[in-house]
>>> print(open('final05.txt').read())   # compact mmCIF, C-alpha atoms and all ligand atoms
# COMPACT_ATOMS: atom_id res chain seq x y z
CA MET A 3 17.44 17.71 3.79
CA ASP A 4 14.25 16.43 5.41
CA THR A 5 14.29 12.95 6.88
CA PRO A 6 12.88 10.52 4.29
CA ILE A 7 9.47 9.12 5.22
CA LEU A 8 10.87 5.69 4.42
CA SER A 9 14.49 4.69 4.29
CA VAL A 10 15.28 1.17 3.10
CA ARG A 11 18.78 -0.22 3.73
CA ASP A 12 20.11 -3.47 2.32
CA VAL A 13 16.80 -5.25 2.87
CA HIS A 14 16.71 -9.01 2.41
CA LYS A 15 13.76 -11.38 2.62
CA THR A 16 14.06 -15.14 2.72
CA TYR A 17 11.04 -17.42 2.70
CA GLY A 18 11.05 -21.02 3.92
CA SER A 19 14.09 -23.05 4.94
CA GLY A 20 16.18 -25.97 3.77
CA GLN A 21 15.15 -27.23 0.33
CA SER A 22 12.33 -24.72 0.03
CA ARG A 23 14.43 -21.72 1.09
CA PHE A 24 13.95 -18.83 -1.32
CA GLU A 25 15.57 -15.43 -1.26
CA ALA A 26 12.87 -13.10 -2.57
CA LEU A 27 14.82 -9.88 -1.84
CA LYS A 28 18.61 -9.82 -2.03
CA GLY A 29 19.60 -6.40 -0.68
CA VAL A 30 17.42 -3.45 -1.65
CA SER A 31 18.18 0.17 -0.63
CA PHE A 32 16.40 3.43 -1.38
CA ASP A 33 15.03 6.54 0.32
CA VAL A 34 11.61 8.03 -0.26
CA PRO A 35 10.82 11.67 0.58
CA GLU A 36 7.35 12.44 1.93
CA GLY A 37 4.80 13.18 -0.77
CA GLN A 38 6.51 11.22 -3.54
CA SER A 39 4.57 8.80 -5.75
CA VAL A 40 6.59 5.65 -6.39
CA ALA A 41 5.82 2.87 -8.85
CA ILE A 42 7.32 -0.53 -8.06
CA VAL A 43 7.73 -2.30 -11.37
CA GLY A 44 8.97 -5.73 -12.42
CA LYS A 45 8.03 -9.15 -13.74
CA SER A 46 5.79 -11.58 -11.91
CA GLY A 47 7.70 -13.18 -9.05
CA SER A 48 10.41 -10.50 -8.98
CA GLY A 49 9.63 -9.49 -5.37
CA LYS A 50 7.35 -6.44 -5.71
CA SER A 51 4.63 -7.54 -3.29
CA THR A 52 7.27 -8.85 -0.91
CA LEU A 53 8.91 -5.40 -0.88
CA MET A 54 5.56 -3.65 -0.44
CA HIS A 55 4.67 -5.89 2.53
CA LEU A 56 7.98 -5.03 4.19
CA LEU A 57 7.55 -1.28 3.55
CA ALA A 58 4.05 -1.47 5.03
CA LEU A 59 5.40 -3.29 8.11
CA LEU A 60 3.14 -6.27 7.46
CA ASP A 61 6.19 -8.52 7.49
CA ALA A 62 9.73 -8.11 8.78
CA PRO A 63 12.90 -8.25 6.68
CA SER A 64 15.27 -11.20 7.17
CA GLY A 65 18.13 -8.71 7.03
CA GLY A 66 18.72 -4.99 6.63
CA SER A 67 16.54 -2.24 8.02
CA ILE A 68 13.63 0.04 7.26
CA ALA A 69 13.29 3.41 8.97
CA LEU A 70 9.96 5.24 9.13
CA GLU A 71 10.76 8.95 9.49
CA GLY A 72 14.07 8.07 11.06
CA THR A 73 12.65 5.47 13.48
CA ASP A 74 14.17 2.04 12.98
CA THR A 75 11.05 -0.08 12.53
CA ARG A 76 12.72 -3.02 14.29
CA THR A 77 12.06 -1.07 17.51
CA LEU A 78 8.30 -1.13 16.83
CA ARG A 79 6.61 -4.24 18.21
CA GLY A 80 3.21 -5.48 19.31
CA SER A 81 0.58 -2.83 19.92
CA ARG A 82 2.96 0.02 19.06
CA LEU A 83 3.58 -1.55 15.66
CA ASN A 84 -0.15 -2.08 15.10
CA ARG A 85 -0.93 1.48 16.11
CA THR A 86 1.75 2.91 13.85
CA ARG A 87 0.53 0.85 10.91
CA ASN A 88 -3.12 1.70 11.46
CA LYS A 89 -2.45 5.42 11.95
CA THR A 90 0.16 6.01 9.26
CA PHE A 91 -0.79 3.68 6.41
CA GLY A 92 -3.71 3.09 4.10
CA PHE A 93 -3.93 -0.19 2.18
CA VAL A 94 -5.33 -0.87 -1.25
CA PHE A 95 -4.51 -4.58 -1.40
CA GLN A 96 -6.51 -7.35 -2.97
CA GLN A 97 -5.88 -9.65 -0.03
CA PHE A 98 -7.32 -7.04 2.36
CA PHE A 99 -10.56 -6.97 0.57
CA LEU A 100 -13.90 -6.09 2.00
CA THR A 101 -15.85 -8.22 4.45
CA PRO A 102 -18.54 -9.34 2.00
CA ARG A 103 -21.61 -9.41 4.25
CA ALA A 104 -20.80 -6.29 6.25
CA SER A 105 -22.12 -2.97 5.00
CA VAL A 106 -19.94 -0.71 2.89
CA LEU A 107 -19.86 1.85 5.72
CA ASP A 108 -18.82 -0.75 8.31
CA ASN A 109 -16.02 -1.90 6.02
CA VAL A 110 -14.79 1.65 5.51
CA ILE A 111 -14.76 2.61 9.20
CA LEU A 112 -12.88 -0.50 10.33
CA PRO A 113 -9.53 1.36 10.73
CA LEU A 114 -11.30 3.98 12.89
CA LYS A 115 -12.79 1.25 15.06
CA ILE A 116 -9.33 -0.26 15.52
CA ALA A 117 -8.02 3.22 16.42
CA GLY A 118 -10.73 3.56 19.10
CA VAL A 119 -12.62 6.43 17.47
CA GLY A 120 -16.14 6.85 18.90
CA ARG A 121 -19.24 5.68 17.04
CA ALA A 122 -20.63 9.06 15.92
CA GLU A 123 -17.24 10.30 14.76
CA ARG A 124 -16.63 7.02 12.91
CA LYS A 125 -19.85 7.41 11.04
CA ARG A 126 -19.18 11.06 10.21
CA ARG A 127 -15.70 10.36 8.86
CA GLY A 128 -16.78 7.16 7.11
CA MET A 129 -19.57 8.97 5.29
CA ALA A 130 -17.21 11.83 4.37
CA ALA A 131 -14.79 9.30 2.83
CA LEU A 132 -17.61 7.59 0.96
CA GLU A 133 -18.81 10.96 -0.34
CA GLN A 134 -15.32 11.71 -1.68
CA LEU A 135 -15.46 8.43 -3.56
CA GLU A 136 -19.05 9.05 -4.72
CA LEU A 137 -20.30 6.00 -2.85
CA ALA A 138 -22.42 7.65 -0.14
CA ASP A 139 -25.59 6.18 -1.63
CA LYS A 140 -24.13 2.67 -1.20
CA ALA A 141 -23.17 3.06 2.47
CA ARG A 142 -25.83 0.61 3.67
CA ASN A 143 -25.40 -1.94 0.91
CA ARG A 144 -23.52 -5.14 1.61
CA ALA A 145 -19.97 -4.93 0.23
CA VAL A 146 -20.55 -8.11 -1.79
CA ASP A 147 -23.24 -6.35 -3.83
CA LEU A 148 -20.96 -3.60 -5.18
CA SER A 149 -19.55 -3.69 -8.70
CA GLY A 150 -15.80 -4.29 -9.11
CA GLY A 151 -14.99 -0.60 -9.55
CA GLN A 152 -17.22 0.36 -6.61
CA LYS A 153 -15.45 -2.23 -4.44
CA GLN A 154 -12.11 -0.76 -5.40
CA ARG A 155 -13.37 2.74 -4.55
CA ALA A 156 -14.68 1.44 -1.20
CA VAL A 157 -11.21 -0.02 -0.51
CA ILE A 158 -9.74 3.43 -1.24
CA ALA A 159 -12.31 5.07 1.06
CA ARG A 160 -11.18 2.70 3.80
CA ALA A 161 -7.53 3.46 2.99
CA LEU A 162 -8.01 7.21 3.42
CA VAL A 163 -10.51 7.32 6.31
CA ASN A 164 -7.66 7.52 8.84
CA ASN A 165 -5.84 10.38 7.08
CA PRO A 166 -2.81 8.19 6.38
CA ARG A 167 0.60 9.60 5.48
CA ILE A 168 1.32 6.73 3.08
CA ILE A 169 -0.98 4.73 0.82
CA PHE A 170 0.19 1.33 -0.41
CA ALA A 171 -1.60 0.04 -3.50
CA ASP A 172 -0.85 -3.39 -5.00
CA GLU A 173 -2.21 -3.55 -8.56
CA PRO A 174 -5.02 -1.08 -7.77
CA THR A 175 -6.35 -1.13 -11.32
CA GLY A 176 -5.44 -4.73 -12.19
CA ASN A 177 -8.98 -6.09 -12.35
CA LEU A 178 -10.74 -3.01 -13.68
CA ASP A 179 -11.77 -1.94 -17.16
CA SER A 180 -9.78 1.02 -18.50
CA VAL A 181 -12.42 3.66 -17.73
CA THR A 182 -12.93 2.53 -14.12
CA GLY A 183 -9.17 2.03 -13.76
CA ALA A 184 -8.60 5.64 -14.83
CA ILE A 185 -11.09 6.86 -12.20
CA VAL A 186 -9.33 4.88 -9.46
CA GLU A 187 -5.94 6.21 -10.66
CA ASP A 188 -7.16 9.81 -10.64
CA ILE A 189 -8.41 9.38 -7.07
CA LEU A 190 -5.06 8.00 -5.89
CA PHE A 191 -3.01 10.71 -7.60
CA GLY A 192 -5.46 13.35 -6.39
CA LEU A 193 -4.82 12.25 -2.79
CA ASN A 194 -1.08 12.31 -3.47
CA ARG A 195 -1.15 15.82 -4.93
CA GLU A 196 -3.75 17.51 -2.79
CA LYS A 197 -3.02 15.96 0.59
CA GLY A 198 0.67 15.21 0.08
CA ILE A 199 0.09 11.52 0.83
CA THR A 200 3.09 9.42 -0.19
CA LEU A 201 1.96 6.80 -2.68
CA PHE A 202 3.43 3.38 -3.45
CA VAL A 203 1.91 1.54 -6.38
CA VAL A 204 2.84 -1.94 -7.56
CA THR A 205 1.75 -2.17 -11.16
CA HIS A 206 2.26 -3.93 -14.48
CA ASP A 207 0.62 -0.97 -16.22
CA GLU A 208 3.28 1.19 -17.87
CA GLU A 209 1.03 4.21 -18.18
CA LEU A 210 0.22 4.11 -14.49
CA ALA A 211 3.93 3.72 -13.68
CA ALA A 212 4.72 6.67 -15.97
CA ARG A 213 2.35 8.90 -13.98
CA CYS A 214 4.36 8.36 -10.80
CA ASP A 215 7.16 10.72 -9.77
CA ARG A 216 9.48 7.75 -9.62
CA ARG A 217 9.82 4.20 -10.93
CA VAL A 218 11.77 1.56 -9.03
CA TYR A 219 12.51 -1.58 -11.07
CA ILE A 220 12.82 -4.92 -9.27
CA ARG A 221 14.35 -7.97 -10.93
CA ASP A 222 15.03 -11.27 -9.16
CA GLY A 223 14.95 -9.60 -5.76
CA LEU A 224 17.25 -6.72 -6.66
CA LEU A 225 16.61 -3.06 -7.39
CA VAL A 226 18.04 -2.86 -10.90
CA GLU A 227 16.95 0.61 -11.94
CA ASP A 228 15.63 3.72 -10.23
CA SER A 229 14.33 6.65 -12.26
CA VAL A 230 15.47 8.99 -9.49
CA ALA A 231 19.20 8.69 -8.90
CA VAL A 232 19.75 8.80 -5.14
CA ALA A 233 22.92 8.31 -3.21
CA ALA A 234 22.05 5.44 -0.89
N1 LIG B 301 5.07 -16.81 1.70
C1 LIG B 301 5.93 -17.20 0.76
N2 LIG B 301 6.60 -18.37 0.87
C2 LIG B 301 7.48 -18.79 -0.06
N3 LIG B 301 7.78 -18.08 -1.17
C3 LIG B 301 7.15 -16.92 -1.34
C4 LIG B 301 6.19 -16.41 -0.40
N4 LIG B 301 5.72 -15.22 -0.84
C5 LIG B 301 6.36 -15.00 -2.02
N5 LIG B 301 7.20 -16.00 -2.32
C6 LIG B 301 8.07 -16.09 -3.50
O1 LIG B 301 8.86 -14.91 -3.56
C7 LIG B 301 8.98 -14.44 -4.90
C8 LIG B 301 8.49 -13.01 -4.98
O2 LIG B 301 7.08 -12.99 -4.75
P1 LIG B 301 6.22 -11.67 -4.83
O3 LIG B 301 4.84 -11.99 -4.40
O4 LIG B 301 6.94 -10.59 -4.10
O5 LIG B 301 6.29 -11.36 -6.40
P2 LIG B 301 5.63 -10.18 -7.24
O6 LIG B 301 6.76 -9.43 -7.88
O7 LIG B 301 4.68 -9.41 -6.41
O8 LIG B 301 4.85 -10.97 -8.40
P3 LIG B 301 3.40 -10.71 -9.08
O9 LIG B 301 3.65 -9.66 -10.12
O10 LIG B 301 3.12 -12.05 -9.71
O11 LIG B 301 2.42 -10.32 -8.03
C9 LIG B 301 8.19 -15.42 -5.75
O12 LIG B 301 9.08 -16.35 -6.32
C10 LIG B 301 7.27 -16.11 -4.78
O13 LIG B 301 6.96 -17.42 -5.18
MG MG B 302 2.59 -9.22 -6.38
>>> encode(input="final05.txt", output="structure tokens")
Amino acid sequence: MDTPILSVRDVHKTYGSGQSRFEALKGVSFDVPEGQSVAIVGKSGSGKSTLMHLLALLDAPSGGSIALEGTDTRTLRGSRLNRTRNKTFGFVFQQFFLTPRASVLDNVILPLKIAGVGRAERKRRGMAALEQLELADKARNRAVDLSGGQKQRAVIARALVNNPRIIFADEPTGNLDSVTGAIVEDILFGLNREKGITLFVVTHDEELAARCDRRVYIRDGLLVEDSVAVAA
């Protein structure tokens, strides 16, 4: 069998210490093959975003391990970690929102700038991503002036500009009306199907979760149900 794109083994995450110590993840294990779409589902405070941050290498587990295509991610540090994250992942997170006063294009090409891509190529790829998201006409607008759905599409344009292998989306449709939410969903699943991008979606929306290949249920820091039975 192919090496899973992500392999999670007995992952723990503890926040704080002493009185305020809190174990947000208590030993989570699962493997994800490349190209799968995975919904992470569970109540507020169950540990979904915590798990997503660990999978996206934005934070390190307190215990256990995460392998990215067989590479133990504990061996990735400093600039190598940053490069891996920037090259391999796309983020659709509310806390990584757009820089409000910068133009939509400048927001979208930020990952290319970090990767050291030249100016002309950045613009070409940034505009191509904006065209895919039907936002090319807004390239020069300030990000702050976009509507909510347009902002979310700009965030997706930024997430895909680097041709990532994995897209992480935390409540991608949470603040959108149902029509705009459906458009954003279709874009994400289109990228998953057509480009084989692995997709992780944290969501409270059951219909969105049902569209994913797999649903992983988190309760009180534990994986309590997995719609795909895997021998871990
Ligand atoms: N930086 C932190 N310091 C201390 N506790 C934290 C921190 N981040 C998260 N927690 C706690 O860990 C638990 C899990 O948080 P997490 O953000 O993963 O939940 P969630 O499942 O994403 O919830 P929601 O659906 O509300 O977004 C919560 O009890 C939260 O208060
Ligand atoms: Mg959350």
>>> atom_distance(input="final05.txt", atom1="CA of Pro63 (chain A)", atom2="CA of Leu27 (chain A)")
8.9 Å
>>> atom_distance(input="final05.txt", atom1="CA of Gly80 (chain A)", atom2="CA of Arg160 (chain A)")
22.7 Å
>>> atom_distance(input="final05.txt", atom1="CA of Val146 (chain A)", atom2="atom C5 of ligand LIG 301 (chain B)")
27.8 Å
>>> residues_near_ligand(input="final05.txt", ligand="ligand MG 302 (chain B)", cutoff="8 Å", atoms="only C-alpha atoms and all ligand atoms", output="tab-separated table (two decimals) with C-alpha atoms, keeping the file's coordinate frame")
chain	number	residue	atom	x	y	z
A	46	SER	CA	5.79	-11.58	-11.91
A	47	GLY	CA	7.70	-13.18	-9.05
A	49	GLY	CA	9.63	-9.49	-5.37
A	50	LYS	CA	7.35	-6.44	-5.71
A	51	SER	CA	4.63	-7.54	-3.29
A	52	THR	CA	7.27	-8.85	-0.91
A	172	ASP	CA	-0.85	-3.39	-5.00
A	173	GLU	CA	-2.21	-3.55	-8.56
A	204	VAL	CA	2.84	-1.94	-7.56
>>> residues_around(input="final05.txt", residues="Ala131 (chain A)", least_positions_apart="2", cutoff="12 Å", atoms="all atoms listed in the file", output="PyMOL selection string")
chain A and resi 106-107+109-111+114+124-129+133-138+141+155-165+189+193
>>> residues_near_ligand(input="final05.txt", ligand="ligand LIG 301 (chain B)", cutoff="10 Å", atoms="all atoms listed in the file", output="PyMOL selection string")
chain A and resi 15-19+22-27+42-55+172-173+204-206+220-223
>>> closest_residue(input="final05.txt", among="A:Arg142, A:Ser105, A:His14, A:Leu8", to="Val40 (chain A)", atoms="only C-alpha atoms")
A:Leu8
>>> residues_near_point(input="final05.txt", point="(6.9, 15.3, -2.5)", cutoff="10 Å", atoms="all atoms listed in the file", output="PyMOL selection string")
chain A and resi 34-39+194-195+198-201+215
>>> closest_residue(input="final05.txt", among="A:Ala130, A:Ala41, A:Leu224, A:Ile7", to="Glu209 (chain A)", atoms="all atoms listed in the file")
A:Ala41
>>> residues_around(input="final05.txt", residues="Ile68 (chain A)", least_positions_apart="4", cutoff="7 Å", atoms="all atoms listed in the file", output="number ranges by chain")
A: 8-11, 74-75
>>> closest_residue(input="final05.txt", among="A:Glu208, A:Glu196, A:Glu187, A:Asp61", to="Val94 (chain A)", atoms="only C-alpha atoms")
A:Glu187
>>> closest_residue(input="final05.txt", among="A:Pro102, A:Gly20, A:Leu112, A:Thr5", to="Glu71 (chain A)", atoms="all atoms listed in the file")
A:Thr5
>>> decode(input="final05.txt", residues="region 63-144 of chain A", atoms="C-alpha atoms", output="mmCIF file, in the first residue's frame")
data_model
loop_
_atom_site.group_PDB
_atom_site.id
_atom_site.type_symbol
_atom_site.label_atom_id
_atom_site.label_comp_id
_atom_site.auth_asym_id
_atom_site.auth_seq_id
_atom_site.Cartn_x
_atom_site.Cartn_y
_atom_site.Cartn_z
ATOM 1 C CA PRO A 63 2.163 17.532 19.767
ATOM 2 C CA SER A 64 3.004 17.098 23.466
ATOM 3 C CA GLY A 65 3.290 13.377 22.785
ATOM 4 C CA GLY A 66 2.986 10.920 19.928
ATOM 5 C CA SER A 67 4.034 11.534 16.356
ATOM 6 C CA ILE A 68 2.855 12.737 12.976
ATOM 7 C CA ALA A 69 4.501 11.521 9.781
ATOM 8 C CA LEU A 70 4.168 13.423 6.508
ATOM 9 C CA GLU A 71 4.638 10.885 3.708
ATOM 10 C CA GLY A 72 6.687 8.725 6.020
ATOM 11 C CA THR A 73 8.863 11.572 7.349
ATOM 12 C CA ASP A 74 8.594 11.983 11.103
ATOM 13 C CA THR A 75 7.683 15.666 11.370
ATOM 14 C CA ARG A 76 9.675 15.975 14.611
ATOM 15 C CA THR A 77 12.752 15.950 12.359
ATOM 16 C CA LEU A 78 11.524 19.090 10.558
ATOM 17 C CA ARG A 79 12.642 22.293 12.266
ATOM 18 C CA GLY A 80 13.226 25.956 11.524
ATOM 19 C CA SER A 81 13.444 26.899 7.865
ATOM 20 C CA ARG A 82 12.941 23.314 6.694
ATOM 21 C CA LEU A 83 9.671 23.153 8.610
ATOM 22 C CA ASN A 84 8.561 26.528 7.214
ATOM 23 C CA ARG A 85 9.450 25.492 3.682
ATOM 24 C CA THR A 86 7.608 22.192 3.986
ATOM 25 C CA ARG A 87 4.521 23.907 5.358
ATOM 26 C CA ASN A 88 4.533 26.638 2.738
ATOM 27 C CA LYS A 89 5.118 24.223 -0.157
ATOM 28 C CA THR A 90 2.844 21.365 0.870
ATOM 29 C CA PHE A 91 -0.124 23.003 2.602
ATOM 30 C CA GLY A 92 -2.841 25.490 1.796
ATOM 31 C CA PHE A 93 -4.769 27.112 4.646
ATOM 32 C CA VAL A 94 -8.377 28.217 4.776
ATOM 33 C CA PHE A 95 -8.397 29.404 8.392
ATOM 34 C CA GLN A 96 -10.247 32.323 9.871
ATOM 35 C CA GLN A 97 -7.249 33.346 11.941
ATOM 36 C CA PHE A 98 -5.097 33.533 8.795
ATOM 37 C CA PHE A 99 -7.351 36.011 7.224
ATOM 38 C CA LEU A 100 -6.428 38.579 4.668
ATOM 39 C CA THR A 101 -4.299 41.638 5.320
ATOM 40 C CA PRO A 102 -7.122 44.186 5.102
ATOM 41 C CA ARG A 103 -5.349 47.119 3.430
ATOM 42 C CA ALA A 104 -3.249 45.083 1.012
ATOM 43 C CA SER A 105 -4.679 44.343 -2.413
ATOM 44 C CA VAL A 106 -6.445 41.063 -3.081
ATOM 45 C CA LEU A 107 -3.633 40.038 -5.452
ATOM 46 C CA ASP A 108 -0.920 40.824 -2.895
ATOM 47 C CA ASN A 109 -2.765 38.746 -0.314
ATOM 48 C CA VAL A 110 -3.088 35.813 -2.697
ATOM 49 C CA ILE A 111 0.564 35.768 -3.781
ATOM 50 C CA LEU A 112 1.962 35.907 -0.244
ATOM 51 C CA PRO A 113 2.853 32.160 -0.172
ATOM 52 C CA LEU A 114 4.734 32.598 -3.479
ATOM 53 C CA LYS A 115 6.652 35.539 -2.052
ATOM 54 C CA ILE A 116 7.618 33.439 0.957
ATOM 55 C CA ALA A 117 8.707 30.657 -1.433
ATOM 56 C CA GLY A 118 10.961 33.121 -3.292
ATOM 57 C CA VAL A 119 9.064 33.042 -6.598
ATOM 58 C CA GLY A 120 9.955 36.001 -8.858
ATOM 59 C CA ARG A 121 7.663 38.993 -9.275
ATOM 60 C CA ALA A 122 6.348 38.296 -12.803
ATOM 61 C CA GLU A 123 5.703 34.633 -12.063
ATOM 62 C CA ARG A 124 3.968 35.566 -8.802
ATOM 63 C CA LYS A 125 1.634 37.860 -10.627
ATOM 64 C CA ARG A 126 0.921 35.315 -13.353
ATOM 65 C CA ARG A 127 0.104 32.543 -10.886
ATOM 66 C CA GLY A 128 -1.791 34.876 -8.556
ATOM 67 C CA MET A 129 -4.008 36.090 -11.385
ATOM 68 C CA ALA A 130 -4.564 32.503 -12.573
ATOM 69 C CA ALA A 131 -5.727 31.547 -9.064
ATOM 70 C CA LEU A 132 -8.002 34.581 -8.886
ATOM 71 C CA GLU A 133 -9.464 33.704 -12.282
ATOM 72 C CA GLN A 134 -10.263 30.188 -11.052
ATOM 73 C CA LEU A 135 -12.149 31.745 -8.167
ATOM 74 C CA GLU A 136 -13.831 34.328 -10.434
ATOM 75 C CA LEU A 137 -12.165 37.192 -8.599
ATOM 76 C CA ALA A 138 -9.803 38.491 -11.291
ATOM 77 C CA ASP A 139 -11.740 41.751 -11.530
ATOM 78 C CA LYS A 140 -11.108 42.358 -7.802
ATOM 79 C CA ALA A 141 -7.330 41.817 -7.925
ATOM 80 C CA ARG A 142 -6.542 45.480 -7.265
ATOM 81 C CA ASN A 143 -9.211 46.079 -4.647
ATOM 82 C CA ARG A 144 -8.242 46.209 -1.004
#
